[in-house]
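Colleague: One structure coming up, written as structure tokens, with questions to follow.
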Amino acid sequence: KAGVTQTPRYLIKTRGQQVTLSCSPISGHRSVSWYQQTPGQGLQFLFEYFSETQRNKGNFPGRFSGRQFSNSRSEMNVSTLELGDSALYLCASSLWGVREKLFFGSGTQLSVL
Amino acid sequence: DQQVKQNSPSLSVQEGRISILNCDYTNSMFDYFLWYKKYPAEGPTFLISISSIKDKNEDGRFTVFLNKSAKHLSLHIVPSQPGDSAVYFCAAEGHTGTASKLTFGTGTRLQVTL
């Protein structure tokens, strides 16, 4: 069974640009959640999608958005990039939600210059 | 406001000894707790979880203890092995209506030495 796939693995952008990250969950998993990891801040919850609906959202500005498609694949978008957006972005999938065992992808390392 | 705190950024333990990783939380609405392990360049992997109706859960070398009155949980690894060297995150989950949200701590880097 293939794991969670995130693309691209690395990304370099400049301030003001926008970026789209992609996540393909494990087959059959309907919940996809996204996290930002920065040094000293741990993993911070961005949002969770289930059956194409956003079920919950963390405390991030509106520049961070996402969506989920009918095949459960998910994308995350960050507009008007800031230096502080440099981080590892992780997505995780599960059958039903974040309360159960999550399977994480290897992440997308975003650097904003 | 950090609702889940791992106050020890790092821990070094000798192979074969016990590793104890601690986690404190402030939100009394949290009712489910999980531990994840992360190696460099990989995503976190699930280790063990515990519901607030229990005070202990064991899985092989890993045991999680929950003290609800102190809002404290700990992960015990016995015996520690070099392959356990990784960053460990505790996470807490609580419901707001039907919405479920996971809050992670900042992580503890465990190094198991020979």
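Within each chain, counting starts at residue 1; across the structure tokens, chains are named A, B, ... in the order shown, with ligands numbered 1 upward in that order.
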Using only C-alpha atoms, find the residues of chain B whose closest atom to chain A is at most 8 Å away, then write them as a CSV table (one decimal) with N, CA and C atoms, in the first residue's frame.
Modeller:
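Okay, selection_34.csv is ready:
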chain,number,residue,atom,x,y,z
B,32,TYR,N,-7.9,13.0,24.4
B,32,TYR,CA,-7.2,12.0,23.7
B,32,TYR,C,-5.8,12.4,23.4
B,41,ALA,N,14.2,14.2,7.9
B,41,ALA,CA,13.8,14.1,6.5
B,41,ALA,C,12.7,13.1,6.3
B,42,GLU,N,12.0,12.7,7.3
B,42,GLU,CA,10.8,11.9,7.2
B,42,GLU,C,9.6,12.5,8.0
B,43,GLY,N,8.4,12.1,7.6
B,43,GLY,CA,7.3,12.5,8.3
B,43,GLY,C,7.2,11.8,9.7
B,44,PRO,N,6.4,12.4,10.6
B,44,PRO,CA,6.2,11.7,11.9
B,44,PRO,C,5.5,10.4,11.7
B,45,THR,N,5.8,9.4,12.6
B,45,THR,CA,5.1,8.2,12.6
B,45,THR,C,4.5,8.0,14.0
B,46,PHE,N,3.3,7.4,14.0
B,46,PHE,CA,2.5,7.2,15.2
B,46,PHE,C,3.2,6.1,16.1
B,89,PHE,N,7.1,13.9,19.5
B,89,PHE,CA,6.1,14.9,19.7
B,89,PHE,C,4.9,14.3,20.5
B,93,GLU,N,-5.9,15.9,21.5
B,93,GLU,CA,-7.0,16.1,20.7
B,93,GLU,C,-8.3,16.4,21.5
B,99,ALA,N,-16.1,19.4,15.4
B,99,ALA,CA,-14.8,19.6,14.9
B,99,ALA,C,-13.7,19.0,15.8
B,100,SER,N,-12.8,18.3,15.2
B,100,SER,CA,-11.7,17.7,16.0
B,100,SER,C,-10.4,18.4,15.6
B,101,LYS,N,-9.6,18.7,16.5
B,101,LYS,CA,-8.4,19.4,16.3
B,101,LYS,C,-7.2,18.8,17.1
B,102,LEU,N,-6.1,18.7,16.4
B,102,LEU,CA,-4.9,18.1,17.0
B,102,LEU,C,-3.9,19.2,17.4
B,103,THR,N,-3.5,19.3,18.6
B,103,THR,CA,-2.5,20.3,19.0
B,103,THR,C,-1.2,19.5,19.5
B,104,PHE,N,-0.1,19.9,18.8
B,104,PHE,CA,1.2,19.3,19.1
B,104,PHE,C,2.0,20.1,20.0
B,105,GLY,N,2.9,19.4,20.8
B,105,GLY,CA,4.0,20.1,21.5
B,105,GLY,C,5.1,20.4,20.6
B,106,THR,N,6.1,21.0,21.2
B,106,THR,CA,7.3,21.5,20.4
B,106,THR,C,8.3,20.4,20.1
B,107,GLY,N,8.2,19.3,20.8
B,107,GLY,CA,9.1,18.1,20.5
B,107,GLY,C,10.2,18.0,21.5
Colleague: Excluding segment 59-64 of chain B and any residue of its chain fewer than 6 positions from it, enumerate the residues within 8 Å of it, using only C-alpha atoms, and give them as a list in words.
Modeller: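 Non-adjacent residues within range: Leu47, Ile48, Ser49, Ile50, Leu73, Ser74, Leu75, His76, Ile77, Val78 and Pro79 of chain B.
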Colleague: Between B:Ser80, B:Ser8, B:Gln3, B:Thr26, which has the minimum distance to Arg109 of chain B (counting only C-alpha atoms)?
Modeller: B:Ser8
Colleague: Please identify which residues in chain A DSSP calls strand (DSSP E) from the backbone, and express them as a ChimeraX atom specification.
Modeller: /A:5-7,10-13,19-24,31-38,42-50,53-57,64-68,74-78,87-94,103-104,108-112
Colleague: Find the distance between atom CA of Ser31 of chain A and atom CA of Asp85 of chain A and write it in Å to one decimal.
Modeller: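 For atom CA of Ser31 of chain A relative to atom CA of Asp85 of chain A, the distance reads 24.2 Å.
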Colleague: At a cut-off of 6 Å, using only C-alpha atoms, what residues contact segment 26-30 of chain A? Leave out same-chain residues fewer than 5 positions from it and give the result as a list of chain:residue names.
Modeller: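 Skipping anything fewer than 5 positions along the chain leaves A:Gly3, A:Val4, A:Phe50, A:Ser51, A:Ser72, A:Ser94, A:Leu95.
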Colleague: Would you please work out which residue, of B:Cys23, B:Leu11, B:Ile18, B:Leu114, is nearest to Trp35 of chain B when using only C-alpha atoms?
Modeller: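 Distance minimum relative to Trp35 of chain B lands on B:Cys23.
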Colleague: Name all residues at most 8 Å from Glu75 of chain A (count only C-alpha atoms; drop same-chain ones fewer than 6 positions away) and give them as a VMD selection string.
Modeller: chain A and resid 20 to 23 66 to 68
Colleague: Go ahead and dump the residues you just picked, N, CA, C and O atoms, as a short mmCIF file (atom, residue, chain, number, x, y, z; two decimals), in the first residue's frame.
Modeller:
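Generated output (selection-v4.cif):
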data_model
loop_
_atom_site.label_atom_id
_atom_site.label_comp_id
_atom_site.auth_asym_id
_atom_site.auth_seq_id
_atom_site.Cartn_x
_atom_site.Cartn_y
_atom_site.Cartn_z
N THR A 20 1.63 26.47 -4.26
CA THR A 20 0.65 25.40 -4.09
C THR A 20 1.38 24.10 -3.79
O THR A 20 2.28 23.71 -4.53
N LEU A 21 0.99 23.45 -2.72
CA LEU A 21 1.57 22.18 -2.33
C LEU A 21 0.52 21.09 -2.50
O LEU A 21 -0.66 21.33 -2.27
N SER A 22 0.99 19.89 -2.85
CA SER A 22 0.06 18.82 -3.14
C SER A 22 0.27 17.63 -2.19
O SER A 22 1.39 17.36 -1.76
N CYS A 23 -0.81 16.94 -1.91
CA CYS A 23 -0.77 15.79 -1.02
C CYS A 23 -1.70 14.70 -1.54
O CYS A 23 -2.90 14.94 -1.73
N GLY A 66 -6.81 25.83 1.53
CA GLY A 66 -6.65 24.49 1.01
C GLY A 66 -7.93 24.01 0.35
O GLY A 66 -8.95 24.70 0.36
N ARG A 67 -7.83 22.84 -0.21
CA ARG A 67 -9.02 22.20 -0.75
C ARG A 67 -8.76 20.70 -0.88
O ARG A 67 -7.61 20.25 -0.86
N GLN A 68 -9.84 19.97 -1.04
CA GLN A 68 -9.72 18.53 -1.22
C GLN A 68 -10.59 18.14 -2.40
O GLN A 68 -11.72 18.63 -2.54
#
Colleague: In Å, rounded to a single decimal, give me how far atom CA of Lys5 of chain B is from atom CA of Leu66 of chain B.
Modeller: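 Interatomic distance here is 14.4 Å.
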